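Participant: This structure is in structure tokens; I'll ask about it shortly.
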Amino acid sequence: MHSWKCVLNLVSGLVLLIALSSLAHAQTGEDSSAALDPQGTGEVQLSILNLGVGGMIRSGDWAGIQVQMLDQGSAPREVILRVTIRDTDGDDAQYDRVVSANPGLPQSFWLYCWVPFQFGQASFEIHAFEAVESGSAESGQLGYRAGRLLGTDSRYNPMMQEPWIGLAAMVGTRQLGIDQYGTTIDSGTWQLLGHELLRVAPGLTTTSLPDRWQGLVPFDSLIWGSSTLRDHDPSTLSPERARAIRYWIQQGGHLVVVMPPSDDPWFSGGHPLRDILPEIERPTRHDGVDYESIRQLITESKDITLPDNGTYTTFTPADDAQTDAAIPILKTRDGEVIAIRRIVGSGMVTVVGIDFGNGELRRLGLPDPESFWHRILGMRGDIQRPSEMNEQLLSDVRSRNVLEFDSNISGEIAKTGRAIQGVFFGLIVFLLYWIIAGPGGFALLKKFTKSQHAWVGFVLMISVFTAFSWLGASLLRPKQVNSTHLTLFEQVYGQPTSRARSWMSVMLPSYGQSEVALRDRADNAPVSNRMANLLTPWQPSTSSASIVSGFPDNTGYRIESRSPESIRVPTRATVKDFRADWGGVSDWSMPHPVIDAEVFQESALELIGTEVHGEIEHALPGELKDLVFIIVSQQTPIRPIGQGLGSSMISRVTTWSPLVPGGGWGPGEVLNLRDYTRISEETRNSSKGDFFTSVIERGVDSLSIQGPKGDVMDRLVAARLISQFQPPRFGMLTDPVGNKLAHRRQLHGWDLGKWFTQPCFIVMGVLEVDAKNASSEGSPVPLFVDGKQIPTSGKTLVTWIYPFPANPPRYSGVFDPENEDE
């Protein structure tokens with residue numbers, strides 16, 4: 001009898017422990033498709049045309065999938081195209097697009113989805129469903145549900161890019177020397193004498209560009225290298241594709257236009273991108289040019305014979321152009337502008353006048369990236385082919401020590417406090433139950449010769465501890481919707497919009513479904529009239545869980561593929577992680593020059609040498625701490641013929657960590673920038689002359705027992721500057737750089753390198769809102785759950801960029817060692 005009681009006690013205890021552990025799990029953390037016929041009815045033929053824009057997808061980022069559909073039905077109808085991605089909870093995120101099918105006519109459509117870091121070599125499966133009317137826009141539903149499966153196609157992507165590789169896209173088949181940034185050896189995934197490898201997706205046309213900007217999110221730059229053929233002519237862009245490019249630029253993208261040697265489709269004709277080009281007079285084309293006159297912009301070699309009958313175009317800013325609408329970047333020796341730029345939101349459009357499509361230049365493998373593209377894209381490092389290296393260098397470049405700079409975002413947003421409470425409560429209750437309902441209670445009954453009542457006591461204890469467990473569960477269970485975030489927030493002074501990328505852990509305490517959105521339901525402005533925002537389920541790059549793990553009751557939920565601003569997700573009284581890419585007008589008041597009381601307008605900042613003169617203030621919802629000031633004074637002089645940049649930076653850069661009173665820059669406090677950017681006895685300790693060398697020590701080395709310098713936010717500051725890191729210095733054992741290789745996975749599209757090509761002032765700082773002060777203003781990204789804006793807390797890396805008037809680099813006739821950086 002006693003052994004039977006013990007067995008019952010053990011089983012009951014295990015059941016209780018499982019129940020309590022599920023409670024602890026709940027502290028941390030529908031549109032289900034019916035079972036699918038693998039082939040469907042076959043009424044719709046699907047064919048995947050492109051996995052990724054230009055055939056490139058990077059894991060851990062947005063991807064566009066171009067699909068061709070042929071409906072063999074008898075009448076026009078609505079069809080749902082769907083790509084399904086399993087999230088970390090085991091639920092199916094169904095990225096949908098509703099399209100109108102025309103029977104017998106092949107049609108091409110883009111779908112968009114976020115690809116998990118752990119996707120690996122899994123196949124992308126596309127399904128076509130009959131669209132059945134269901135619900136309404138007012139109820140938060142998409143208006144259709146998936147009916148019969150009409151067709152399917154699947155394919156895996158052999159060109160899946162690793163998450164630490166940078167990407168650029170190219171309109172036209174000629175890569176114009178930019179492909180040299182992707183030179184590597186032995187299938188390596190790093191730049192041989194630099195850090196981040198850059199791969200180019202070539203061959204794009206105006207019809208193969210995506211129709212939503214999320215298709216361009218993986219790319220840092222879009223180079224329009226050819227515009228003479230019809231399918232490269234900007235006038236053939238559809239309004240949707242032009243809008244996608246425009247939004248992508250506003251969100252930090254860099255469009256580079258290379259002028260053609262004949263005709264002018266960019267400034268002479270009408271096209272949907274005309275109003276974001278630099279404001280200039282009619283471009284001047286120079287024919288029969290001896291490229292020897294611009295040798296220093298084409299090659300570092302003094303021996304190569306250049307074409308003597310080429311073409312280039314020069315530009316003159318319009319008389320009434322705003323300073324940020326026509327910024328000369330590079331000039332010829334004669335002072336003519338040969339590259340000019342316009343700032344658009346957080347991004348820019350740069351127009352280049354040299355005909356790099358010239359057949360002779362292409363035959364010679366020119367231009368050298370160091371001579372030209374470094375100064376346009378904001379890159380650093382010597383670009384060498386393996387054939388140009390000696391045996392020792394070939395050996396050195398094969399072995400690099402990887403450092404991660406954005407690997408612990410999940411740790412910053414994790415909600416662990418309530419989970420620990422649940423686990424502790426469960427253990428305590430189980431121990432008490434086991435003692436009282438088990439040997440302790442039986443011993444007490446035996447002491448008072450009441451052991452015959454053991455069954456009664458056992459049943460009573462089960463009832464008491466069950467009630468106690470449920471009571472504790474009710475008290476500990478979260479009841480309020482809230483969010484913890486880590487956010488990058490950026491504004492360029494003078495631009496009407498800001499941008500943000502936010503990783504959020506959202507507590508959804510109910511069971512069922514909740515709508516998570518980046519805009520208020522009352523905002524009925526059509527997507528075409530505003531910035532489109534992106535919201536997607538997210539999982540960290542270092543997650544040990546596979547993409548098929550999660551809850552046993554997994555289900556499906558729909559995401560509007562082309563406008564994923566709102567998602568109705570299944571909820572289980574736990575947290576769900578999201579990534580948001582947001583753009584628009586924020587409630588946060590960023591830094592700005594102090595208003596001049598005499599003229600009632602903001603005064604201008606001045607760049608005098610390497611000092612910034614003027615006063616700034618802000619009205620952000622808290623102090624900015626860990627401030628970093630970066631002053632880009634001017635590009636370094638263009639070197640004499642035959643002398644290259646080597647590993648030097650392209651610009652004169654001064655970096656400061658200003659020591660403001662109290663340790664933080666509070667709202668309404670005025671900073672006199674001259675006091676913090678001039679070299680003096682007071683500022684000596686805040687000057688960071690070796691910043692781009694020493695900053696690499698902030699990276700996380702998984703193979704080292706020594707921890708990195710600084711915290712997560714310090715590493716994120718560094719991750720925004722990887723393009724400017726000191727390149728490797730092999731053979732120097734005590735060197736802080738040595739053979740180190742900087743990696744980032746989450747911050748593609750957020751590198752500040754392009755701003756190092758023109759004079760500017762960059763302010764970076766951390767604003768933290770702790771959990772007890774959580775509010776709807778706790779993040780620059782508005783977040784709504786079931787129509788209500790929710791309180792948020794967390795950390796925001798604020799970046800403010802102030803462009804100065806143009807000052808293109810001069811030409812140096814004699815090598816000047818004082819121009820060397822670092």
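Ordered as shown in the structure tokens, chains take letters A, B, and onward, while each chain numbers its residues from 1 and ligands are numbered from 1 in the order shown.
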Please give the complete set of residues from region 554-788 of chain A that DSSP, run on the backbone, assigns to alpha helix (DSSP H), formatted as a PyMOL selection string.
Facilitator: chain A and resi 673-677+691-694+712-719
Participant: Separation of CA of Ile85 (chain A) and CA of Ser514 (chain A), in Å?
Facilitator: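 One can read the CA of Ile85 (chain A) to CA of Ser514 (chain A) distance as 19.3 Å.
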Participant: Which residues come within 10 Å of Val349 (chain A), counting only C-alpha atoms, excluding same-chain residues fewer than 5 positions away, as a list in words?
Facilitator: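 Here the qualifying residues turn out to be Ser221, Leu222, Ile223, Arg246, Ile249, Gly253, His254, Leu255, Val256, Val257, Ile276, Leu277, Pro278, Ala325, Ala326, Ile340, Arg341, Arg342, Ile343 and Val344 of chain A.
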Participant: Go ahead and save the residues from that selection, with C-alpha atoms, as a PDB file, in the first residue's frame.
Facilitator:
```
ATOM      1  CA  SER A 221      23.644  50.511 -52.907  1.00  0.00           C
ATOM      2  CA  LEU A 222      21.855  50.366 -56.239  1.00  0.00           C
ATOM      3  CA  ILE A 223      24.152  51.298 -59.126  1.00  0.00           C
ATOM      4  CA  ARG A 246      12.264  56.216 -53.547  1.00  0.00           C
ATOM      5  CA  ILE A 249      16.516  55.727 -50.570  1.00  0.00           C
ATOM      6  CA  GLY A 253      19.706  53.504 -49.572  1.00  0.00           C
ATOM      7  CA  HIS A 254      22.286  54.930 -51.977  1.00  0.00           C
ATOM      8  CA  LEU A 255      21.311  55.203 -55.640  1.00  0.00           C
ATOM      9  CA  VAL A 256      24.319  55.801 -57.906  1.00  0.00           C
ATOM     10  CA  VAL A 257      23.561  56.843 -61.483  1.00  0.00           C
ATOM     11  CA  ILE A 276      15.020  63.099 -56.475  1.00  0.00           C
ATOM     12  CA  LEU A 277      18.005  63.732 -58.759  1.00  0.00           C
ATOM     13  CA  PRO A 278      20.433  66.546 -57.924  1.00  0.00           C
ATOM     14  CA  ALA A 325      20.058  69.151 -53.281  1.00  0.00           C
ATOM     15  CA  ALA A 326      23.278  69.656 -55.275  1.00  0.00           C
ATOM     16  CA  ILE A 340      27.271  65.312 -57.669  1.00  0.00           C
ATOM     17  CA  ARG A 341      24.775  64.280 -55.004  1.00  0.00           C
ATOM     18  CA  ARG A 342      21.376  64.959 -53.490  1.00  0.00           C
ATOM     19  CA  ILE A 343      20.345  63.923 -49.969  1.00  0.00           C
ATOM     20  CA  VAL A 344      16.932  62.241 -49.796  1.00  0.00           C
TER      21      VAL A 344
END
```
Participant: Of the candidates A:Asp520, A:Glu281, A:Asp290, A:Asp263, which shows the shortest atom-to-atom distance to Gly787 (chain A), using only C-alpha atoms?
Facilitator: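 For Gly787 (chain A), the nearest of the given residues is A:Asp520.
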Participant: To one decimal in Å, tell me the separation between CA of Ser648 (chain A) and CA of Arg674 (chain A).
Facilitator: 27.1 Å
Participant: Name the residues in contact with Gly378 (chain A) at a cut-off of 12 Å, using only C-alpha atoms, excluding same-chain residues fewer than 6 positions from it; report them as a list of chain:residue names.
Facilitator: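 Surrounding residues, per the criterion: A:Asp220, A:Ser221, A:His254, A:Ile329, A:Pro369, A:Glu370, A:Ser371, A:Phe372, A:Val632, A:Gln635, A:Met649, A:Ile650, A:Ser651, A:Leu721, A:Ile722, A:Ser723, A:Gln724, A:Phe725, A:Asp751, A:Leu752, A:Gly753, A:Lys754, A:Trp755, A:Phe756, A:Thr757, A:Gln758.
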Participant: Using only N, CA and C atoms, please write the residues we just selected to a file, as a PDB file, in the first residue's frame.
Facilitator:
```
ATOM      1  N   ASP A 220      22.922  47.690 -49.887  1.00  0.00           N
ATOM      2  CA  ASP A 220      23.416  48.985 -49.430  1.00  0.00           C
ATOM      3  C   ASP A 220      23.343  50.019 -50.538  1.00  0.00           C
ATOM      4  N   SER A 221      23.589  49.592 -51.772  1.00  0.00           N
ATOM      5  CA  SER A 221      23.644  50.511 -52.907  1.00  0.00           C
ATOM      6  C   SER A 221      22.949  49.889 -54.112  1.00  0.00           C
ATOM      7  N   HIS A 254      21.426  54.053 -51.169  1.00  0.00           N
ATOM      8  CA  HIS A 254      22.286  54.930 -51.977  1.00  0.00           C
ATOM      9  C   HIS A 254      22.128  54.537 -53.439  1.00  0.00           C
ATOM     10  N   ILE A 329      30.763  66.195 -55.193  1.00  0.00           N
ATOM     11  CA  ILE A 329      31.542  65.211 -54.447  1.00  0.00           C
ATOM     12  C   ILE A 329      32.960  65.115 -54.999  1.00  0.00           C
ATOM     13  N   PRO A 369      38.824  50.313 -57.684  1.00  0.00           N
ATOM     14  CA  PRO A 369      37.869  50.787 -56.664  1.00  0.00           C
ATOM     15  C   PRO A 369      38.450  51.844 -55.739  1.00  0.00           C
ATOM     16  N   GLU A 370      39.745  51.718 -55.385  1.00  0.00           N
ATOM     17  CA  GLU A 370      40.354  52.685 -54.460  1.00  0.00           C
ATOM     18  C   GLU A 370      40.389  54.094 -55.052  1.00  0.00           C
ATOM     19  N   SER A 371      40.534  54.177 -56.375  1.00  0.00           N
ATOM     20  CA  SER A 371      40.657  55.493 -57.011  1.00  0.00           C
ATOM     21  C   SER A 371      39.327  56.216 -57.094  1.00  0.00           C
ATOM     22  N   PHE A 372      38.254  55.463 -57.315  1.00  0.00           N
ATOM     23  CA  PHE A 372      36.974  56.139 -57.543  1.00  0.00           C
ATOM     24  C   PHE A 372      35.873  55.691 -56.576  1.00  0.00           C
ATOM     25  N   VAL A 632      33.584  64.787 -40.059  1.00  0.00           N
ATOM     26  CA  VAL A 632      34.201  64.515 -41.351  1.00  0.00           C
ATOM     27  C   VAL A 632      34.486  65.875 -41.986  1.00  0.00           C
ATOM     28  N   GLN A 635      37.262  65.045 -47.797  1.00  0.00           N
ATOM     29  CA  GLN A 635      37.994  63.908 -48.337  1.00  0.00           C
ATOM     30  C   GLN A 635      39.477  64.262 -48.425  1.00  0.00           C
ATOM     31  N   MET A 649      42.153  56.067 -44.687  1.00  0.00           N
ATOM     32  CA  MET A 649      40.769  56.480 -44.848  1.00  0.00           C
ATOM     33  C   MET A 649      40.665  57.472 -45.999  1.00  0.00           C
ATOM     34  N   ILE A 650      39.461  57.600 -46.549  1.00  0.00           N
ATOM     35  CA  ILE A 650      39.263  58.513 -47.667  1.00  0.00           C
ATOM     36  C   ILE A 650      39.057  59.947 -47.207  1.00  0.00           C
ATOM     37  N   SER A 651      38.855  60.164 -45.904  1.00  0.00           N
ATOM     38  CA  SER A 651      38.548  61.497 -45.403  1.00  0.00           C
ATOM     39  C   SER A 651      39.324  61.816 -44.142  1.00  0.00           C
ATOM     40  N   LEU A 721      30.010  51.431 -38.322  1.00  0.00           N
ATOM     41  CA  LEU A 721      31.207  52.047 -38.895  1.00  0.00           C
ATOM     42  C   LEU A 721      32.191  51.020 -39.441  1.00  0.00           C
ATOM     43  N   ILE A 722      31.751  49.794 -39.658  1.00  0.00           N
ATOM     44  CA  ILE A 722      32.678  48.734 -40.067  1.00  0.00           C
ATOM     45  C   ILE A 722      33.394  49.072 -41.368  1.00  0.00           C
ATOM     46  N   SER A 723      32.738  49.786 -42.263  1.00  0.00           N
ATOM     47  CA  SER A 723      33.387  50.135 -43.534  1.00  0.00           C
ATOM     48  C   SER A 723      34.617  51.007 -43.335  1.00  0.00           C
ATOM     49  N   GLN A 724      34.738  51.642 -42.167  1.00  0.00           N
ATOM     50  CA  GLN A 724      35.867  52.544 -41.913  1.00  0.00           C
ATOM     51  C   GLN A 724      36.904  51.948 -40.959  1.00  0.00           C
ATOM     52  N   PHE A 725      36.711  50.693 -40.538  1.00  0.00           N
ATOM     53  CA  PHE A 725      37.667  50.065 -39.633  1.00  0.00           C
ATOM     54  C   PHE A 725      39.049  49.978 -40.271  1.00  0.00           C
ATOM     55  N   ASP A 751      25.237  51.201 -42.354  1.00  0.00           N
ATOM     56  CA  ASP A 751      26.624  51.647 -42.270  1.00  0.00           C
ATOM     57  C   ASP A 751      26.690  53.142 -42.592  1.00  0.00           C
ATOM     58  N   LEU A 752      27.539  53.867 -41.864  1.00  0.00           N
ATOM     59  CA  LEU A 752      27.664  55.314 -42.038  1.00  0.00           C
ATOM     60  C   LEU A 752      28.737  55.697 -43.055  1.00  0.00           C
ATOM     61  N   GLY A 753      29.343  54.714 -43.726  1.00  0.00           N
ATOM     62  CA  GLY A 753      30.471  54.987 -44.601  1.00  0.00           C
ATOM     63  C   GLY A 753      30.186  56.007 -45.685  1.00  0.00           C
ATOM     64  N   LYS A 754      28.969  56.005 -46.251  1.00  0.00           N
ATOM     65  CA  LYS A 754      28.686  56.938 -47.348  1.00  0.00           C
ATOM     66  C   LYS A 754      28.754  58.388 -46.895  1.00  0.00           C
ATOM     67  N   TRP A 755      28.557  58.631 -45.589  1.00  0.00           N
ATOM     68  CA  TRP A 755      28.649  60.001 -45.077  1.00  0.00           C
ATOM     69  C   TRP A 755      30.094  60.462 -44.933  1.00  0.00           C
ATOM     70  N   PHE A 756      31.040  59.535 -45.025  1.00  0.00           N
ATOM     71  CA  PHE A 756      32.453  59.901 -44.936  1.00  0.00           C
ATOM     72  C   PHE A 756      32.975  60.433 -46.276  1.00  0.00           C
ATOM     73  N   THR A 757      32.110  60.516 -47.284  1.00  0.00           N
ATOM     74  CA  THR A 757      32.519  61.048 -48.583  1.00  0.00           C
ATOM     75  C   THR A 757      32.218  62.530 -48.719  1.00  0.00           C
ATOM     76  N   GLN A 758      31.641  63.155 -47.699  1.00  0.00           N
ATOM     77  CA  GLN A 758      31.320  64.587 -47.750  1.00  0.00           C
ATOM     78  C   GLN A 758      31.418  65.166 -46.341  1.00  0.00           C
TER      79      GLN A 758
END
```
Participant: Give me the residues within 9 Å of Thr693 (chain A) as a list in words, counting only C-alpha atoms and dropping any in the same chain fewer than 3 places off.
Facilitator: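 Within the cut-off, the hits are Asp690, Ile696, Glu697, Phe725, Gln726, Pro727, Pro736, Val737 and Glu822 of chain A.
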Participant: Using only C-alpha atoms, which residue out of A:Pro658, A:Gly177, A:Gly609, A:Pro537 lies closest to Val628 (chain A)?
Facilitator: A:Pro658
Participant: Write out as a ChimeraX atom specification the set of residues from region 556-769 of chain A that DSSP, computed on the backbone, places in strand (DSSP E).
Facilitator: /A:556-560,566-584,589-593,595-596,601-602,606-608,611-613,615-619,624-635,651-656,664-665,671-672,740-743,760-769
Participant: Here is a test: counting only C-alpha atoms, which residue of A:Leu797, A:Ala169, A:Val569, A:Val712 is nearest to Glu623 (chain A)?
Facilitator: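 Under the stated criterion, the closest residue is A:Leu797.
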Participant: Give me, as a Markdown table, each residue of region 212-268 of chain A that comes within 12 Å of region 577-597 of chain A, together with its shortest interatomic pair and the distance in Å at one decimal, counting only C-alpha atoms, with rows ordered by chain and rising residue number.
Facilitator:
```
| residue | atom | partner | partner_atom | distance |
| --- | --- | --- | --- | --- |
| A:Trp213 | CA | A:Asp581 | CA | 11.0 |
| A:Gln214 | CA | A:Asp581 | CA | 9.3 |
| A:Val217 | CA | A:Asp581 | CA | 9.5 |
| A:Tyr247 | CA | A:Gly583 | CA | 8.8 |
| A:Trp248 | CA | A:Gly583 | CA | 10.0 |
| A:Ile249 | CA | A:Gly583 | CA | 11.0 |
| A:Gln250 | CA | A:Gly583 | CA | 8.0 |
| A:Gln251 | CA | A:Gly583 | CA | 6.7 |
| A:Gly252 | CA | A:Gly583 | CA | 10.1 |
```
Participant: So that I can check the surroundings of Asp396 (chain A), please list as a short mmCIF file (atom, residue, chain, number, x, y, z; two decimals) with N, CA, C and O atoms, in the first residue's frame every protein, DNA and RNA residue that reaches within 8 Å of it, counting only C-alpha atoms and ignoring chain neighbours fewer than 4 positions away.
Facilitator:
```
data_model
loop_
_atom_site.label_atom_id
_atom_site.label_comp_id
_atom_site.auth_asym_id
_atom_site.auth_seq_id
_atom_site.Cartn_x
_atom_site.Cartn_y
_atom_site.Cartn_z
N GLN A 392 53.52 35.02 -48.77
CA GLN A 392 53.25 35.28 -47.36
C GLN A 392 51.89 35.93 -47.18
O GLN A 392 51.10 35.55 -46.31
N ARG A 400 41.63 34.41 -40.66
CA ARG A 400 41.16 35.62 -39.97
C ARG A 400 40.42 35.23 -38.68
O ARG A 400 39.77 34.17 -38.61
N PHE A 730 48.71 42.22 -40.85
CA PHE A 730 49.21 40.88 -40.59
C PHE A 730 50.65 40.92 -40.08
O PHE A 730 51.42 41.83 -40.38
N ASN A 739 44.99 40.19 -37.41
CA ASN A 739 44.22 39.50 -38.44
C ASN A 739 42.72 39.47 -38.14
O ASN A 739 41.97 38.65 -38.66
#
```
